[in-house]
$ cat work00.cif   # mmCIF, C-alpha atoms
data_target
#
loop_
_atom_site.group_PDB
_atom_site.id
_atom_site.type_symbol
_atom_site.label_atom_id
_atom_site.label_comp_id
_atom_site.auth_asym_id
_atom_site.auth_seq_id
_atom_site.Cartn_x
_atom_site.Cartn_y
_atom_site.Cartn_z
ATOM 1 C CA MET X 20 -4.192 -98.371 -131.135
ATOM 2 C CA LEU X 21 -4.446 -96.485 -127.837
ATOM 3 C CA GLN X 22 -4.077 -98.589 -124.736
ATOM 4 C CA VAL X 23 -5.533 -97.279 -121.480
ATOM 5 C CA LYS X 24 -4.785 -98.751 -118.087
ATOM 6 C CA TRP X 25 -7.496 -98.282 -115.527
ATOM 7 C CA LYS X 26 -6.349 -97.707 -112.025
ATOM 8 C CA MET X 27 -8.642 -99.043 -109.335
ATOM 9 C CA ALA X 28 -9.586 -96.526 -106.693
ATOM 10 C CA LYS X 29 -8.968 -97.514 -103.112
ATOM 11 C CA GLN X 30 -12.097 -98.544 -101.275
ATOM 12 C CA VAL X 31 -12.582 -97.452 -97.704
ATOM 13 C CA THR X 32 -13.132 -100.500 -95.504
ATOM 14 C CA GLY X 33 -13.307 -98.751 -92.149
ATOM 15 C CA GLU X 34 -13.040 -95.549 -90.207
ATOM 16 C CA ILE X 35 -11.634 -95.747 -86.692
ATOM 17 C CA LYS X 36 -11.743 -93.010 -84.070
ATOM 18 C CA VAL X 37 -9.383 -93.186 -81.094
ATOM 19 C CA GLN X 38 -7.919 -90.751 -78.590
ATOM 20 C CA VAL X 39 -4.169 -91.107 -78.171
ATOM 21 C CA PRO X 40 -1.631 -89.095 -76.131
ATOM 22 C CA GLY X 41 0.531 -86.999 -78.465
ATOM 23 C CA GLY X 42 3.956 -88.464 -79.200
ATOM 24 C CA GLN X 43 3.259 -91.442 -76.921
ATOM 25 C CA ALA X 44 1.282 -93.914 -79.064
ATOM 26 C CA THR X 45 2.109 -97.580 -78.469
ATOM 27 C CA PRO X 46 0.823 -100.801 -80.062
ATOM 28 C CA ALA X 47 -1.001 -101.499 -76.786
ATOM 29 C CA PRO X 48 -4.686 -100.600 -76.337
ATOM 30 C CA PRO X 49 -6.439 -98.433 -77.481
ATOM 31 C CA VAL X 50 -4.417 -98.320 -80.727
ATOM 32 C CA GLY X 51 -3.689 -102.024 -81.111
ATOM 33 C CA THR X 52 -7.207 -103.200 -80.344
ATOM 34 C CA ALA X 53 -8.721 -100.647 -82.724
ATOM 35 C CA LEU X 54 -6.395 -101.291 -85.680
ATOM 36 C CA GLY X 55 -5.798 -105.035 -85.286
ATOM 37 C CA PRO X 56 -9.124 -106.291 -86.699
ATOM 38 C CA HIS X 57 -8.634 -104.136 -89.823
ATOM 39 C CA GLY X 58 -5.244 -105.663 -90.651
ATOM 40 C CA VAL X 59 -3.409 -102.341 -90.475
ATOM 41 C CA ASN X 60 0.332 -102.300 -89.772
ATOM 42 C CA ILE X 61 0.128 -101.027 -86.185
ATOM 43 C CA GLY X 62 3.850 -100.282 -85.877
ATOM 44 C CA GLN X 63 3.741 -98.119 -88.999
ATOM 45 C CA PHE X 64 0.785 -96.117 -87.630
ATOM 46 C CA VAL X 65 2.457 -95.685 -84.226
ATOM 47 C CA GLN X 66 5.669 -94.411 -85.837
ATOM 48 C CA GLN X 67 3.875 -91.956 -88.173
ATOM 49 C CA PHE X 68 1.599 -90.693 -85.383
ATOM 50 C CA ASN X 69 4.466 -90.155 -82.939
ATOM 51 C CA ASP X 70 6.496 -88.319 -85.620
ATOM 52 C CA ARG X 71 3.592 -85.963 -86.395
ATOM 53 C CA THR X 72 2.750 -85.274 -82.726
ATOM 54 C CA LYS X 73 6.181 -85.079 -81.101
ATOM 55 C CA ASP X 74 5.618 -81.353 -80.394
ATOM 56 C CA MET X 75 2.496 -82.139 -78.271
ATOM 57 C CA PRO X 76 3.781 -84.670 -75.704
ATOM 58 C CA GLY X 77 1.079 -86.168 -73.502
ATOM 59 C CA MET X 78 -1.761 -84.030 -74.910
ATOM 60 C CA THR X 79 -4.779 -86.240 -75.649
ATOM 61 C CA LEU X 80 -5.495 -86.044 -79.374
ATOM 62 C CA PRO X 81 -8.488 -87.487 -81.234
ATOM 63 C CA VAL X 82 -7.426 -89.340 -84.397
ATOM 64 C CA VAL X 83 -9.635 -90.454 -87.292
ATOM 65 C CA ILE X 84 -7.989 -93.345 -89.158
ATOM 66 C CA THR X 85 -9.344 -94.284 -92.584
ATOM 67 C CA VAL X 86 -8.513 -97.870 -93.572
ATOM 68 C CA TYR X 87 -8.539 -98.931 -97.239
ATOM 69 C CA ASN X 88 -9.107 -102.349 -98.870
ATOM 70 C CA ASP X 89 -5.361 -102.827 -99.507
ATOM 71 C CA ARG X 90 -4.737 -102.391 -95.736
ATOM 72 C CA SER X 91 -3.180 -98.969 -96.210
ATOM 73 C CA PHE X 92 -4.415 -96.086 -94.098
ATOM 74 C CA ASP X 93 -4.597 -92.320 -93.742
ATOM 75 C CA PHE X 94 -5.185 -90.467 -90.526
ATOM 76 C CA ILE X 95 -6.303 -87.014 -89.487
ATOM 77 C CA ILE X 96 -5.309 -85.565 -86.127
ATOM 78 C CA LYS X 97 -7.990 -83.338 -84.650
ATOM 79 C CA SER X 98 -7.511 -80.623 -82.036
ATOM 80 C CA PRO X 99 -7.475 -81.767 -78.391
ATOM 81 C CA PRO X 100 -10.864 -82.072 -76.650
ATOM 82 C CA ALA X 101 -12.132 -78.863 -75.036
ATOM 83 C CA ALA X 102 -12.176 -80.539 -71.617
ATOM 84 C CA VAL X 103 -8.462 -81.388 -71.885
ATOM 85 C CA LEU X 104 -7.588 -77.813 -72.888
ATOM 86 C CA LEU X 105 -9.733 -76.399 -70.071
ATOM 87 C CA LYS X 106 -8.093 -78.681 -67.481
ATOM 88 C CA LYS X 107 -4.679 -77.521 -68.691
ATOM 89 C CA ALA X 108 -5.689 -73.830 -68.583
ATOM 90 C CA ALA X 109 -7.251 -74.145 -65.117
ATOM 91 C CA GLN X 110 -4.346 -76.335 -63.928
ATOM 92 C CA ILE X 111 -6.613 -79.038 -62.511
ATOM 93 C CA ALA X 112 -6.408 -82.830 -62.753
ATOM 94 C CA LYS X 113 -10.107 -83.468 -63.393
ATOM 95 C CA GLY X 114 -13.496 -81.812 -63.456
ATOM 96 C CA ALA X 115 -15.944 -81.657 -60.557
ATOM 97 C CA SER X 116 -18.069 -84.684 -59.715
ATOM 98 C CA ASN X 117 -20.968 -82.328 -58.975
ATOM 99 C CA PRO X 118 -20.379 -79.265 -61.209
ATOM 100 C CA LYS X 119 -23.474 -77.349 -60.005
ATOM 101 C CA ALA X 120 -22.315 -77.328 -56.385
ATOM 102 C CA ASP X 121 -18.536 -77.683 -56.662
ATOM 103 C CA LYS X 122 -16.178 -75.326 -58.474
ATOM 104 C CA VAL X 123 -12.760 -76.879 -59.026
ATOM 105 C CA GLY X 124 -10.990 -74.089 -60.905
ATOM 106 C CA THR X 125 -11.225 -70.884 -62.895
ATOM 107 C CA VAL X 126 -10.255 -69.737 -66.368
ATOM 108 C CA THR X 127 -10.308 -66.235 -67.808
ATOM 109 C CA ARG X 128 -12.428 -65.220 -70.771
ATOM 110 C CA GLU X 129 -9.172 -64.667 -72.735
ATOM 111 C CA GLN X 130 -8.169 -68.283 -72.096
ATOM 112 C CA VAL X 131 -11.605 -69.439 -73.300
ATOM 113 C CA VAL X 132 -11.199 -67.413 -76.515
ATOM 114 C CA GLU X 133 -7.725 -68.933 -77.084
ATOM 115 C CA ILE X 134 -9.159 -72.442 -76.617
ATOM 116 C CA ALA X 135 -11.996 -71.558 -79.004
ATOM 117 C CA LYS X 136 -9.473 -70.409 -81.632
ATOM 118 C CA THR X 137 -7.548 -73.669 -81.208
ATOM 119 C CA LYS X 138 -10.736 -75.742 -81.593
ATOM 120 C CA MET X 139 -12.325 -73.591 -84.336
ATOM 121 C CA ALA X 140 -11.604 -76.041 -87.180
ATOM 122 C CA ASP X 141 -13.354 -78.889 -85.325
ATOM 123 C CA LEU X 142 -16.367 -76.942 -84.037
ATOM 124 C CA ASN X 143 -19.520 -76.154 -85.983
ATOM 125 C CA ALA X 144 -19.517 -72.519 -84.915
ATOM 126 C CA GLY X 145 -19.766 -69.576 -87.291
ATOM 127 C CA SER X 146 -17.551 -67.249 -85.280
ATOM 128 C CA VAL X 147 -14.988 -67.284 -82.502
ATOM 129 C CA GLU X 148 -17.588 -65.755 -80.140
ATOM 130 C CA GLN X 149 -19.983 -68.665 -80.755
ATOM 131 C CA ALA X 150 -17.124 -71.143 -80.315
ATOM 132 C CA ALA X 151 -16.189 -69.409 -77.030
ATOM 133 C CA LYS X 152 -19.769 -69.886 -75.787
ATOM 134 C CA MET X 153 -19.491 -73.609 -76.553
ATOM 135 C CA ILE X 154 -16.218 -73.803 -74.603
ATOM 136 C CA GLU X 155 -17.825 -71.889 -71.685
ATOM 137 C CA GLY X 156 -20.612 -74.494 -71.640
ATOM 138 C CA THR X 157 -18.036 -77.262 -71.432
ATOM 139 C CA ALA X 158 -16.319 -75.383 -68.595
ATOM 140 C CA ARG X 159 -19.622 -75.075 -66.699
ATOM 141 C CA SER X 160 -20.292 -78.799 -67.076
ATOM 142 C CA MET X 161 -16.839 -79.515 -65.602
ATOM 143 C CA GLY X 162 -17.242 -77.191 -62.602
ATOM 144 C CA VAL X 163 -14.757 -74.655 -63.986
ATOM 145 C CA GLU X 164 -15.721 -71.006 -63.503
ATOM 146 C CA VAL X 165 -15.182 -68.475 -66.295
ATOM 147 C CA VAL X 166 -14.112 -65.079 -64.930
ATOM 148 C CA ASP X 167 -13.466 -61.759 -66.684
#
$ encode --input "work00.cif" --output "structure tokens"
Amino acid sequence: MLQVKWKMAKQVTGEIKVQVPGGQATPAPPVGTALGPHGVNIGQFVQQFNDRTKDMPGMTLPVVITVYNDRSFDFIIKSPPAAVLLKKAAQIAKGASNPKADKVGTVTREQVVEIAKTKMADLNAGSVEQAAKMIEGTARSMGVEVVD
């Protein structure tokens, strides 16, 4: 007689989205407050995240954490937000409070294309040119000028 063991599939109990500085996650907020209610081992997440992002210190990274019914988890690290990459390229601390009137920095079109290539996997653009236009829009809304 053939005996078959059925393995139960893990059920997803939650999906958490947080933005954490690369290589600098701590159990403090926002990580602790987001993971705590789901019963996830926060220290284990912090250690795994910091190991995977040690080459991007301080860069703000969006993370999507999938929590399963047995309290295990998986996480996907997305590319940094366009605004963070633009601030780094323009070497500014923050965007303009009134972007129509104030210009706080400039980036070259080549820098915009590089940012678009970095973000390509997370954008819903068909080509790098379309992605670059999206990044230029973000730059405009921050008061960052795009020059040739």
$ closest_residue --input "work00.cif" --among "X:Thr79, X:Ser98, X:Thr85, X:Gln67" --to "Thr137 in chain X" --atoms "all atoms listed in the file"
X:Ser98
$ residues_around --input "work00.cif" --residues "range 116-124 of chain X" --least-positions-apart "3" --cutoff "6 Å" --atoms "all atoms listed in the file" --output "PyMOL selection string"
chain X and resi 109+160-163
$ atom_distance --input "work00.cif" --atom1 "CA of Lys29 in chain X" --atom2 "CA of Leu54 in chain X"
18.0 Å
$ atom_distance --input "work00.cif" --atom1 "CA of Gly156 in chain X" --atom2 "CA of Pro81 in chain X"
20.2 Å
$ atom_distance --input "work00.cif" --atom1 "CA of Ile154 in chain X" --atom2 "CA of Val132 in chain X"
8.3 Å
$ resolve_selection --input "work00.cif" --expression "the PyMOL selection byres ((chain X and resi 66) around 12)" --output "CSV table (one decimal) with C-alpha atoms, in the frame of the given file"
chain,number,residue,atom,x,y,z
X,41,GLY,CA,0.5,-87.0,-78.5
X,42,GLY,CA,4.0,-88.5,-79.2
X,43,GLN,CA,3.3,-91.4,-76.9
X,44,ALA,CA,1.3,-93.9,-79.1
X,45,THR,CA,2.1,-97.6,-78.5
X,46,PRO,CA,0.8,-100.8,-80.1
X,50,VAL,CA,-4.4,-98.3,-80.7
X,60,ASN,CA,0.3,-102.3,-89.8
X,61,ILE,CA,0.1,-101.0,-86.2
X,62,GLY,CA,3.8,-100.3,-85.9
X,63,GLN,CA,3.7,-98.1,-89.0
X,64,PHE,CA,0.8,-96.1,-87.6
X,65,VAL,CA,2.5,-95.7,-84.2
X,67,GLN,CA,3.9,-92.0,-88.2
X,68,PHE,CA,1.6,-90.7,-85.4
X,69,ASN,CA,4.5,-90.2,-82.9
X,70,ASP,CA,6.5,-88.3,-85.6
X,71,ARG,CA,3.6,-86.0,-86.4
X,72,THR,CA,2.8,-85.3,-82.7
X,73,LYS,CA,6.2,-85.1,-81.1
$ closest_residue --input "work00.cif" --among "X:Pro40, X:Ser91, X:Ile96, X:Thr125" --to "Asp141 in chain X" --atoms "all atoms listed in the file"
X:Ile96
$ resolve_selection --input "work00.cif" --expression "the PyMOL selection byres ((chain X and resi 128) around 9)" --output "PyMOL selection string"
chain X and resi 126-127+129-133+151+155+165-167
$ residues_around --input "work00.cif" --residues "Leu142 in chain X" --least-positions-apart "5" --cutoff "12 Å" --atoms "all atoms listed in the file" --output "VMD selection string"
chain X and resid 97 to 101 134 to 137 147 to 154
$ write_last_selection --input "work00.cif" --atoms "C-alpha atoms" --output "PDB file, keeping the file's coordinate frame"
ATOM      1  CA  LYS X  97      -7.990 -83.338 -84.650  1.00  0.00           C
ATOM      2  CA  SER X  98      -7.511 -80.623 -82.036  1.00  0.00           C
ATOM      3  CA  PRO X  99      -7.475 -81.767 -78.391  1.00  0.00           C
ATOM      4  CA  PRO X 100     -10.864 -82.072 -76.650  1.00  0.00           C
ATOM      5  CA  ALA X 101     -12.132 -78.863 -75.036  1.00  0.00           C
ATOM      6  CA  ILE X 134      -9.159 -72.442 -76.617  1.00  0.00           C
ATOM      7  CA  ALA X 135     -11.996 -71.558 -79.004  1.00  0.00           C
ATOM      8  CA  LYS X 136      -9.473 -70.409 -81.632  1.00  0.00           C
ATOM      9  CA  THR X 137      -7.548 -73.669 -81.208  1.00  0.00           C
ATOM     10  CA  VAL X 147     -14.988 -67.284 -82.502  1.00  0.00           C
ATOM     11  CA  GLU X 148     -17.588 -65.755 -80.140  1.00  0.00           C
ATOM     12  CA  GLN X 149     -19.983 -68.665 -80.755  1.00  0.00           C
ATOM     13  CA  ALA X 150     -17.124 -71.143 -80.315  1.00  0.00           C
ATOM     14  CA  ALA X 151     -16.189 -69.409 -77.030  1.00  0.00           C
ATOM     15  CA  LYS X 152     -19.769 -69.886 -75.787  1.00  0.00           C
ATOM     16  CA  MET X 153     -19.491 -73.609 -76.553  1.00  0.00           C
ATOM     17  CA  ILE X 154     -16.218 -73.803 -74.603  1.00  0.00           C
TER      18      ILE X 154
END
$ closest_residue --input "work00.cif" --among "X:Thr157, X:Asn143, X:Gln38, X:Gln30" --to "Met78 in chain X" --atoms "only C-alpha atoms"
X:Gln38
$ closest_residue --input "work00.cif" --among "X:Pro49, X:Pro76, X:Gly114, X:Gly145" --to "Ile35 in chain X" --atoms "all atoms listed in the file"
X:Pro49
$ residues_around --input "work00.cif" --residues "Val59 in chain X" --least-positions-apart "6" --cutoff "10 Å" --atoms "all atoms listed in the file" --output "PyMOL selection string"
chain X and resi 51+53+86-87+89-92
$ closest_residue --input "work00.cif" --among "X:Ala47, X:Met75, X:Ala112, X:Val37" --to "Ile95 in chain X" --atoms "only C-alpha atoms"
X:Val37
$ axis_aligned_box --input "work00.cif" --around "range 131-139 of chain X" --padding-each-side "8 Å" --output "AutoDock Vina command-line options"
--center_x -9.9 --center_y -71.6 --center_z -78.8 --size_x 20.8 --size_y 24.3 --size_z 27.0
